[in-house]
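Written below as structure tokens is the structure these notes are about.
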Amino acid sequence: SAIRAAELAARLADADADDRRHAAAVRRLATAMPRHPGLDDWMMRSGERAMSRGDQDAAREAWTTIDRRSNRGPEALVRIGELEDSGVEDELLLRRLDAIDDRLPADPRAPLRVDADLVRIELLLGLDRVSSAAKIAAKWTTPGPLPKDERTRVRLATLAIDALRRDGRESDASGILARLERDDPTLARRLLATARREAYRSVVDALDADDRRAAGATADAVLAVGARVDLGDDSTRADLDDTTRLEWAWIDAAAGEATRASRRLTRILVDNPDAIEPLALQAVLLGGRLDTAADATRTAPTEADAAAAIRILTRIVRGTTPTDPIWWRCEIERLELLQLLGRNLDRIGPRIDRLRAEHPEFGSEAFRRRFERLRGLVPVQAP
């Protein structure tokens, strides 16, 4: 019969190692027999094979042909939701997932149920419905096995920790990481490393803009999630190389942990005393900008600390060029500190004016705003 012939053709297509020929064969079968009972299974396999070669467009094309009311409809919808571009507005996709919720497995640990929950969390975070996302993520704060599939574990930990952290539930986020450290320590270290690197970049960007409040919030969040992890200075730990120490040092500094940040910098500078990145942060700490609360007037450091900070900053500025962001970071830090101390006030304005003439962008928008703000605080030279 035609049905058996189509099934044979589908099996032959499955045996073809060429994913594109398989997809073409399935499309021909779908055109010839649009009501075949095995059509949805063929389309699911076609989408899976497309994903195996990284072709999300082909996967979406296959899965969107499956009626949501069919047996494979819920799975197809979840897989569409996992794509980088589902082709559906987030709010609409969320409503569709809610509509098929009672057709998903009741077991909260069932793979398809877990995948659907993760799609929901991601959609809710994208819509800034953080509390709703955290409510779903909180399921994973209770005892129970983690997903066996590594990709799902990574996705679960990343989304659940992000949702709980953004909802102010750092202790719960920390609890999920603790479970990972017990059940999959390699993955836990990898996720913490990713969180550290992202927090470091955010902290540096915020401090370049002198947004101490944003920098502190980012630092506090990542430190809260990683609170149980030993963040000491054991030089035998492979995950605490100098790059890692510097990233933690910036995070510690933004969180008000200046002493711990200084210990990390000292550990780096023992072996590499001329490393400009840790020296720059050391100068920021000595200059005291991070000692002052975000909404308070900056207080001057001690004379000894100020002299040491200016000496380091001047050395870095002389040893680098304006093509390097660290040049601008150190120059604005140096000039702001001089203005705070009331030194060389007659030179700061002309210096900024010359920089504006030569580099009107001042290295970045964040630095430009700080230079312009400083220019307004020093005397204008008479013509």
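Residues are named by chain letter and number: chains run A, B, ... in the order of the structure tokens, numbers start at 1 in each chain, and ligands are numbered from 1 in the order shown.
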Each residue of stretch 196-224 of chain A lying at most 9 Å from stretch 160-165 of chain A should get a row with its shortest atom-to-atom pair and the distance in Å to one decimal, counting only C-alpha atoms; could you produce that, ordered by chain and increasing number, as JSON lines?
{"residue": "A:Ala221", "atom": "CA", "partner": "A:Arg165", "partner_atom": "CA", "distance": 6.8}
{"residue": "A:Val222", "atom": "CA", "partner": "A:Arg165", "partner_atom": "CA", "distance": 8.6}
{"residue": "A:Ala224", "atom": "CA", "partner": "A:Arg165", "partner_atom": "CA", "distance": 8.8}
Any chance you could tabulate, as a Markdown table, the residues of stretch 209-291 of chain A at most 10 Å from stretch 351-367 of chain A with each one's nearest atom pair and distance in Å to one decimal, using only C-alpha atoms, in chain and rising number order?
| residue | atom | partner | partner_atom | distance |
| --- | --- | --- | --- | --- |
| A:Ala209 | CA | A:Ala366 | CA | 4.5 |
| A:Asp210 | CA | A:Ala366 | CA | 8.1 |
| A:Asp211 | CA | A:Ala366 | CA | 9.6 |
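Comparing A:Leu279, A:Ala59, A:Ala157, A:Val88 by their smallest distance to A:Thr141, the closest is A:Ala157 (using only C-alpha atoms).
For stretch 64-114 of chain A, backbone-based DSSP labels the following residues as alpha helix (DSSP H): Gly73, Pro74, Glu75, Ala76, Leu77, Val78, Arg79, Ile80, Gly81, Glu82, Asp90, Glu91, Leu92, Leu93, Leu94, Arg95, Arg96, Leu97, Asp98, Ala99, Pro111, Leu112, Arg113 and Val114 of chain A.
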Give me a file of those residues, with N, CA, C and O atoms, as a JSON list (two decimals), in the first residue's frame.
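Below is the file part33.json, written as the result:
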[["chain", "number", "residue", "atom", "x", "y", "z"],
["A", 73, "GLY", "N", 3.47, 17.37, 18.94],
["A", 73, "GLY", "CA", 3.36, 18.82, 18.97],
["A", 73, "GLY", "C", 4.06, 19.48, 20.14],
["A", 73, "GLY", "O", 4.82, 20.46, 19.96],
["A", 74, "PRO", "N", 3.85, 19.01, 21.39],
["A", 74, "PRO", "CA", 4.53, 19.64, 22.53],
["A", 74, "PRO", "C", 6.05, 19.60, 22.41],
["A", 74, "PRO", "O", 6.73, 20.60, 22.66],
["A", 75, "GLU", "N", 6.60, 18.44, 22.00],
["A", 75, "GLU", "CA", 8.05, 18.35, 21.86],
["A", 75, "GLU", "C", 8.55, 19.28, 20.78],
["A", 75, "GLU", "O", 9.58, 19.96, 20.96],
["A", 76, "ALA", "N", 7.83, 19.36, 19.66],
["A", 76, "ALA", "CA", 8.25, 20.25, 18.58],
["A", 76, "ALA", "C", 8.26, 21.70, 19.05],
["A", 76, "ALA", "O", 9.19, 22.47, 18.73],
["A", 77, "LEU", "N", 7.26, 22.09, 19.83],
["A", 77, "LEU", "CA", 7.19, 23.47, 20.31],
["A", 77, "LEU", "C", 8.35, 23.78, 21.25],
["A", 77, "LEU", "O", 8.95, 24.86, 21.19],
["A", 78, "VAL", "N", 8.67, 22.84, 22.12],
["A", 78, "VAL", "CA", 9.80, 23.04, 23.03],
["A", 78, "VAL", "C", 11.09, 23.18, 22.24],
["A", 78, "VAL", "O", 11.93, 24.06, 22.53],
["A", 79, "ARG", "N", 11.28, 22.34, 21.24],
["A", 79, "ARG", "CA", 12.51, 22.42, 20.44],
["A", 79, "ARG", "C", 12.59, 23.75, 19.69],
["A", 79, "ARG", "O", 13.67, 24.34, 19.57],
["A", 80, "ILE", "N", 11.46, 24.23, 19.21],
["A", 80, "ILE", "CA", 11.45, 25.55, 18.56],
["A", 80, "ILE", "C", 11.86, 26.63, 19.56],
["A", 80, "ILE", "O", 12.63, 27.54, 19.24],
["A", 81, "GLY", "N", 11.37, 26.51, 20.79],
["A", 81, "GLY", "CA", 11.71, 27.49, 21.82],
["A", 81, "GLY", "C", 13.18, 27.49, 22.18],
["A", 81, "GLY", "O", 13.70, 28.49, 22.69],
["A", 82, "GLU", "N", 13.88, 26.38, 21.94],
["A", 82, "GLU", "CA", 15.31, 26.30, 22.26],
["A", 82, "GLU", "C", 16.18, 26.95, 21.20],
["A", 82, "GLU", "O", 17.38, 27.18, 21.44],
["A", 90, "ASP", "N", 8.30, 36.35, 21.76],
["A", 90, "ASP", "CA", 8.49, 35.69, 23.06],
["A", 90, "ASP", "C", 7.19, 35.51, 23.83],
["A", 90, "ASP", "O", 6.93, 34.45, 24.40],
["A", 91, "GLU", "N", 6.38, 36.56, 23.87],
["A", 91, "GLU", "CA", 5.13, 36.49, 24.62],
["A", 91, "GLU", "C", 4.20, 35.44, 24.05],
["A", 91, "GLU", "O", 3.56, 34.66, 24.79],
["A", 92, "LEU", "N", 4.11, 35.38, 22.73],
["A", 92, "LEU", "CA", 3.25, 34.39, 22.07],
["A", 92, "LEU", "C", 3.78, 32.99, 22.31],
["A", 92, "LEU", "O", 3.00, 32.06, 22.60],
["A", 93, "LEU", "N", 5.09, 32.80, 22.22],
["A", 93, "LEU", "CA", 5.67, 31.48, 22.45],
["A", 93, "LEU", "C", 5.42, 31.04, 23.89],
["A", 93, "LEU", "O", 5.12, 29.85, 24.15],
["A", 94, "LEU", "N", 5.50, 31.96, 24.82],
["A", 94, "LEU", "CA", 5.23, 31.63, 26.22],
["A", 94, "LEU", "C", 3.79, 31.19, 26.41],
["A", 94, "LEU", "O", 3.51, 30.21, 27.12],
["A", 95, "ARG", "N", 2.86, 31.86, 25.75],
["A", 95, "ARG", "CA", 1.44, 31.46, 25.85],
["A", 95, "ARG", "C", 1.23, 30.08, 25.25],
["A", 95, "ARG", "O", 0.44, 29.27, 25.77],
["A", 96, "ARG", "N", 1.89, 29.81, 24.15],
["A", 96, "ARG", "CA", 1.75, 28.49, 23.53],
["A", 96, "ARG", "C", 2.31, 27.39, 24.42],
["A", 96, "ARG", "O", 1.74, 26.29, 24.50],
["A", 97, "LEU", "N", 3.40, 27.67, 25.10],
["A", 97, "LEU", "CA", 3.94, 26.68, 26.03],
["A", 97, "LEU", "C", 2.99, 26.45, 27.20],
["A", 97, "LEU", "O", 2.81, 25.30, 27.65],
["A", 98, "ASP", "N", 2.39, 27.51, 27.69],
["A", 98, "ASP", "CA", 1.42, 27.36, 28.78],
["A", 98, "ASP", "C", 0.24, 26.51, 28.32],
["A", 98, "ASP", "O", -0.31, 25.72, 29.10],
["A", 99, "ALA", "N", -0.16, 26.67, 27.06],
["A", 99, "ALA", "CA", -1.32, 25.95, 26.54],
["A", 99, "ALA", "C", -1.08, 24.44, 26.45],
["A", 99, "ALA", "O", -2.03, 23.66, 26.54],
["A", 111, "PRO", "N", 12.94, 14.62, 31.05],
["A", 111, "PRO", "CA", 13.74, 15.47, 30.15],
["A", 111, "PRO", "C", 12.93, 16.52, 29.40],
["A", 111, "PRO", "O", 13.35, 17.68, 29.34],
["A", 112, "LEU", "N", 11.78, 16.15, 28.83],
["A", 112, "LEU", "CA", 11.01, 17.14, 28.07],
["A", 112, "LEU", "C", 10.44, 18.21, 28.99],
["A", 112, "LEU", "O", 10.40, 19.39, 28.62],
["A", 113, "ARG", "N", 10.02, 17.83, 30.19],
["A", 113, "ARG", "CA", 9.52, 18.82, 31.15],
["A", 113, "ARG", "C", 10.64, 19.79, 31.54],
["A", 113, "ARG", "O", 10.43, 21.00, 31.62],
["A", 114, "VAL", "N", 11.84, 19.26, 31.78],
["A", 114, "VAL", "CA", 12.97, 20.12, 32.13],
["A", 114, "VAL", "C", 13.27, 21.09, 31.00],
["A", 114, "VAL", "O", 13.45, 22.29, 31.21]]
